[in-house]
Each structure stands twice: as C-alpha cells, then as structure tokens.
$ cat start-v2.pdb   # PDB, C-alpha atoms
ATOM      1  CA  MET A 169      32.525 -14.139  -6.471
ATOM      2  CA  ILE A 170      29.156 -14.417  -8.112
ATOM      3  CA  ALA A 171      29.176 -12.679 -11.477
ATOM      4  CA  VAL A 172      25.775 -11.236 -12.364
ATOM      5  CA  GLU A 173      24.931 -10.158 -15.886
ATOM      6  CA  VAL A 174      21.881  -7.896 -15.980
ATOM      7  CA  SER A 175      19.821  -7.157 -19.078
ATOM      8  CA  ASN A 176      16.807  -4.872 -19.017
ATOM      9  CA  ARG A 177      14.568  -5.307 -22.062
ATOM     10  CA  SER A 178      11.385  -4.399 -20.181
ATOM     11  CA  GLY A 179      11.127  -0.796 -21.321
ATOM     12  CA  VAL A 180      10.863   0.430 -17.712
ATOM     13  CA  GLU A 181      13.462   1.452 -15.166
ATOM     14  CA  VAL A 182      14.478  -1.231 -12.674
ATOM     15  CA  ASP A 183      16.741  -1.273  -9.616
ATOM     16  CA  GLU A 184      19.539  -3.272 -11.233
ATOM     17  CA  GLU A 185      21.996  -2.656  -8.385
ATOM     18  CA  GLY A 186      19.438  -3.671  -5.752
ATOM     19  CA  ALA A 187      18.501  -6.808  -7.683
ATOM     20  CA  THR A 188      22.155  -7.752  -8.111
ATOM     21  CA  ALA A 189      22.884  -7.225  -4.404
ATOM     22  CA  LEU A 190      19.845  -9.266  -3.355
ATOM     23  CA  ALA A 191      20.751 -12.070  -5.769
ATOM     24  CA  ARG A 192      24.294 -12.278  -4.413
ATOM     25  CA  SER A 193      23.009 -12.258  -0.817
ATOM     26  CA  VAL A 194      20.517 -15.065  -1.443
ATOM     27  CA  LEU A 195      23.031 -17.207  -3.315
ATOM     28  CA  GLU A 196      25.762 -16.684  -0.730
ATOM     29  CA  ALA A 197      23.307 -17.553   2.083
ATOM     30  CA  GLU A 198      22.629 -20.792   0.196
ATOM     31  CA  GLY A 199      26.338 -21.610   0.111
ATOM     32  CA  VAL A 200      27.021 -20.532  -3.475
ATOM     33  CA  GLU A 201      30.236 -18.531  -3.390
ATOM     34  CA  GLU A 202      31.160 -18.605  -7.068
ATOM     35  CA  GLY A 203      29.174 -18.752 -10.253
ATOM     36  CA  GLU A 204      27.580 -16.869 -13.080
ATOM     37  CA  LEU A 205      23.984 -15.665 -13.021
ATOM     38  CA  GLY A 206      21.814 -13.927 -15.577
ATOM     39  CA  LEU A 207      19.116 -11.496 -14.433
ATOM     40  CA  LEU A 208      16.777 -10.464 -17.217
ATOM     41  CA  PHE A 209      13.974  -7.951 -16.978
ATOM     42  CA  VAL A 210      11.453  -8.300 -19.791
ATOM     43  CA  GLY A 211       8.053  -6.926 -20.711
ATOM     44  CA  PRO A 212       4.713  -8.743 -20.384
ATOM     45  CA  ALA A 213       4.629  -9.945 -23.997
ATOM     46  CA  GLU A 214       8.098 -11.524 -23.776
ATOM     47  CA  ILE A 215       7.525 -13.264 -20.439
ATOM     48  CA  ARG A 216       4.171 -14.528 -21.708
ATOM     49  CA  LEU A 217       5.880 -15.975 -24.781
ATOM     50  CA  LEU A 218       8.600 -17.593 -22.645
ATOM     51  CA  LYS A 219       6.030 -19.145 -20.313
ATOM     52  CA  HIS A 220       4.064 -20.466 -23.282
ATOM     53  CA  GLU A 221       7.169 -21.878 -24.997
ATOM     54  CA  HIS A 222       8.631 -23.529 -21.894
ATOM     55  CA  LEU A 223       5.629 -24.370 -19.706
ATOM     56  CA  GLY A 224       2.759 -24.506 -22.181
ATOM     57  CA  VAL A 225       0.818 -21.812 -20.304
ATOM     58  CA  ASP A 226      -0.300 -18.738 -22.249
ATOM     59  CA  GLU A 227      -0.175 -15.968 -19.635
ATOM     60  CA  ALA A 228       2.201 -13.355 -18.289
ATOM     61  CA  THR A 229       3.877 -14.156 -14.974
ATOM     62  CA  ASP A 230       6.141 -12.511 -12.426
ATOM     63  CA  VAL A 231       9.277 -14.670 -12.719
ATOM     64  CA  LEU A 232      10.628 -17.634 -14.658
ATOM     65  CA  SER A 233      13.791 -19.581 -13.883
ATOM     66  CA  PHE A 234      16.036 -21.348 -16.348
ATOM     67  CA  PRO A 235      18.564 -23.357 -14.287
ATOM     68  CA  ILE A 236      21.759 -24.780 -15.724
ATOM     69  CA  ASP A 237      24.166 -26.232 -13.136
ATOM     70  CA  GLY A 238      22.309 -25.661  -9.881
ATOM     71  CA  ARG A 239      24.299 -27.283  -7.083
ATOM     72  CA  GLU A 240      25.607 -30.220  -9.111
ATOM     73  CA  SER A 241      29.270 -31.158  -8.840
ATOM     74  CA  LEU A 242      31.398 -29.724 -11.600
ATOM     75  CA  PRO A 243      34.830 -30.702 -12.868
ATOM     76  CA  GLY A 244      37.671 -28.575 -11.551
ATOM     77  CA  GLY A 245      38.164 -25.310 -13.394
ATOM     78  CA  VAL A 246      34.649 -25.274 -14.851
ATOM     79  CA  PRO A 247      32.743 -22.133 -13.823
ATOM     80  CA  ARG A 248      29.290 -22.715 -12.291
ATOM     81  CA  GLN A 249      26.528 -21.518 -14.604
ATOM     82  CA  LEU A 250      23.555 -20.935 -12.317
ATOM     83  CA  GLY A 251      21.204 -19.994 -15.150
ATOM     84  CA  ASP A 252      18.815 -17.116 -15.703
ATOM     85  CA  ALA A 253      16.098 -15.551 -13.580
ATOM     86  CA  VAL A 254      13.666 -13.630 -15.801
ATOM     87  CA  LEU A 255      11.411 -11.045 -14.167
ATOM     88  CA  CYS A 256       8.647  -8.882 -15.563
ATOM     89  CA  PRO A 257       8.645  -5.472 -13.815
ATOM     90  CA  GLN A 258       5.200  -4.649 -15.194
ATOM     91  CA  VAL A 259       3.791  -7.701 -13.396
ATOM     92  CA  VAL A 260       5.769  -7.471 -10.133
ATOM     93  CA  GLY A 261       5.853  -3.689  -9.752
ATOM     94  CA  GLU A 262       7.634  -2.494  -6.624
ATOM     95  CA  ALA A 263       7.277  -5.958  -5.072
ATOM     96  CA  TRP A 264      10.100  -7.463  -7.171
ATOM     97  CA  ARG A 265      12.206  -8.787  -4.291
ATOM     98  CA  GLN A 266      10.101 -11.843  -3.399
ATOM     99  CA  PRO A 267       9.685 -13.025  -7.006
ATOM    100  CA  LEU A 268      13.443 -12.661  -7.469
ATOM    101  CA  VAL A 269      14.136 -14.758  -4.353
ATOM    102  CA  HIS A 270      11.608 -17.330  -5.615
ATOM    103  CA  GLY A 271      13.320 -17.518  -8.992
ATOM    104  CA  LEU A 272      16.782 -17.827  -7.476
ATOM    105  CA  LEU A 273      15.688 -20.688  -5.249
ATOM    106  CA  HIS A 274      14.378 -22.512  -8.323
ATOM    107  CA  LEU A 275      17.791 -22.038  -9.953
ATOM    108  CA  LEU A 276      19.272 -23.883  -6.972
ATOM    109  CA  GLY A 277      16.893 -26.798  -7.359
ATOM    110  CA  TYR A 278      14.178 -25.965  -4.847
ATOM    111  CA  GLU A 279      10.660 -26.985  -5.804
ATOM    112  CA  HIS A 280       7.385 -25.565  -4.478
ATOM    113  CA  GLY A 281       6.658 -26.824  -0.990
ATOM    114  CA  PRO A 282       7.350 -26.243   2.704
ATOM    115  CA  GLU A 283      11.156 -26.095   2.399
ATOM    116  CA  MET A 284      11.049 -23.479  -0.362
ATOM    117  CA  GLU A 285       8.339 -21.505   1.438
ATOM    118  CA  ALA A 286      10.478 -21.391   4.595
ATOM    119  CA  LYS A 287      13.461 -20.145   2.594
ATOM    120  CA  GLU A 288      11.312 -17.469   0.940
ATOM    121  CA  GLN A 289       9.856 -16.412   4.287
ATOM    122  CA  SER A 290      13.338 -15.781   5.649
ATOM    123  CA  TRP A 291      13.857 -13.141   2.922
ATOM    124  CA  ARG A 292      10.607 -11.253   3.514
ATOM    125  CA  ALA A 293      11.328  -7.748   4.764
TER     126      ALA A 293
END
$ encode --input "start-v2.pdb" --output "structure tokens"
Amino acid sequence: MIAVEVSNRSGVEVDEEGATALARSVLEAEGVEEGELGLLFVGPAEIRLLKHEHLGVDEATDVLSFPIDGRESLPGGVPRQLGDAVLCPQVVGEAWRQPLVHGLLHLLGYEHGPEMEAKEQSWRA
C-alpha cells in the first residue's frame, strides 16, 4: 500500500482525494506497490521561496519534487520514502493533474526528455 500524507497550506480548497487517488495510480503503474509519499499544496509565495532555495530561481512554479528513495534498493524492513511532491493550486488551477504526474515521475527518477514525456502523455485525459 502506498501511504499518502496530504497537507494543504495553500489557503484554497483542493481535491485531496482525487490527488491521492491519482498519485497511487501513477505510482502503482510504475511498479511501486509500497511506500510513503507526501503531497503538499502551498501558496505562490511558499513555492517561490522553495524554488529559490533549492533551484536558485526566483519565481513561482506549478510543482516541485523532493525525492528521497526513488526506486533504489532498500534493506529489508525499511519503508520506501518516495519524497514530497509540492504543488501550487494558484498556479496550476483546475489543471493540477498533469503537474502532479510530472512531479511524481521526478520522484521516481525520471528526468525531462522523451521517456518522461511519453509517460506524461499516457496520463493525459
């Protein structure tokens, strides 16, 4: 089972159940059956600060990913920590699904390019 911890600090209502269901679907389709994932929804000022602190770019963005274990082998009995996907609802609006998929794929080690684009395309509704 993939445990998903959701935190909404954005100040706006988000579809937490829908985001959790999509996250589990994407991860399971990628062969991740167990693990722990954080989904955070933050406002524009917080995501801008995170992007500046971690990437050196001073602008708001749709999603940031902070991977921990990815797909690496882990010792027996150690729970897989996938990391955190951080989304800004004020930037993504109703189109939150694709940025979430993008962020989840980064947590699994995908980098921008044809392989990641093909994976993202398969999740477009």
$ atom_distance --input "start-v2.pdb" --atom1 "CA of Thr229 (chain A)" --atom2 "CA of Arg192 (chain A)"
23.1 Å
$ closest_residue --input "start-v2.pdb" --among "A:Cys256, A:Leu232, A:Leu205, A:Leu217" --to "Glu181 (chain A)" --atoms "only C-alpha atoms"
A:Cys256
$ resolve_selection --input "start-v2.pdb" --expression "the PyMOL selection byres ((chain A and resi 259-270) around 8)" --output "MDAnalysis selection string"
chainID A and resid 187 190:191 194 212 228:231 253 255:258 271:274 288 291:292
$ residues_around --input "start-v2.pdb" --residues "Leu275 (chain A)" --least-positions-apart "3" --cutoff "9 Å" --atoms "all atoms listed in the file" --output "compact mmCIF listing (two decimals) with C-alpha atoms, keeping the file's coordinate frame"
# COMPACT_ATOMS: atom_id res chain seq x y z
CA SER A 233 13.79 -19.58 -13.88
CA PHE A 234 16.04 -21.35 -16.35
CA PRO A 235 18.56 -23.36 -14.29
CA ILE A 236 21.76 -24.78 -15.72
CA ASP A 237 24.17 -26.23 -13.14
CA GLY A 238 22.31 -25.66 -9.88
CA ARG A 239 24.30 -27.28 -7.08
CA LEU A 250 23.56 -20.94 -12.32
CA GLY A 251 21.20 -19.99 -15.15
CA ASP A 252 18.82 -17.12 -15.70
CA ALA A 253 16.10 -15.55 -13.58
CA HIS A 270 11.61 -17.33 -5.62
CA GLY A 271 13.32 -17.52 -8.99
CA LEU A 272 16.78 -17.83 -7.48
CA TYR A 278 14.18 -25.96 -4.85
$ resolve_selection --input "start-v2.pdb" --expression "the PyMOL selection byres ((chain A and resi 210) around 6)" --output "list of chain:residue names"
A:Arg177, A:Ser178, A:Phe209, A:Gly211, A:Cys256
$ closest_residue --input "start-v2.pdb" --among "A:Glu214, A:Asp226, A:Glu221, A:Glu202" --to "Gly245 (chain A)" --atoms "all atoms listed in the file"
A:Glu202
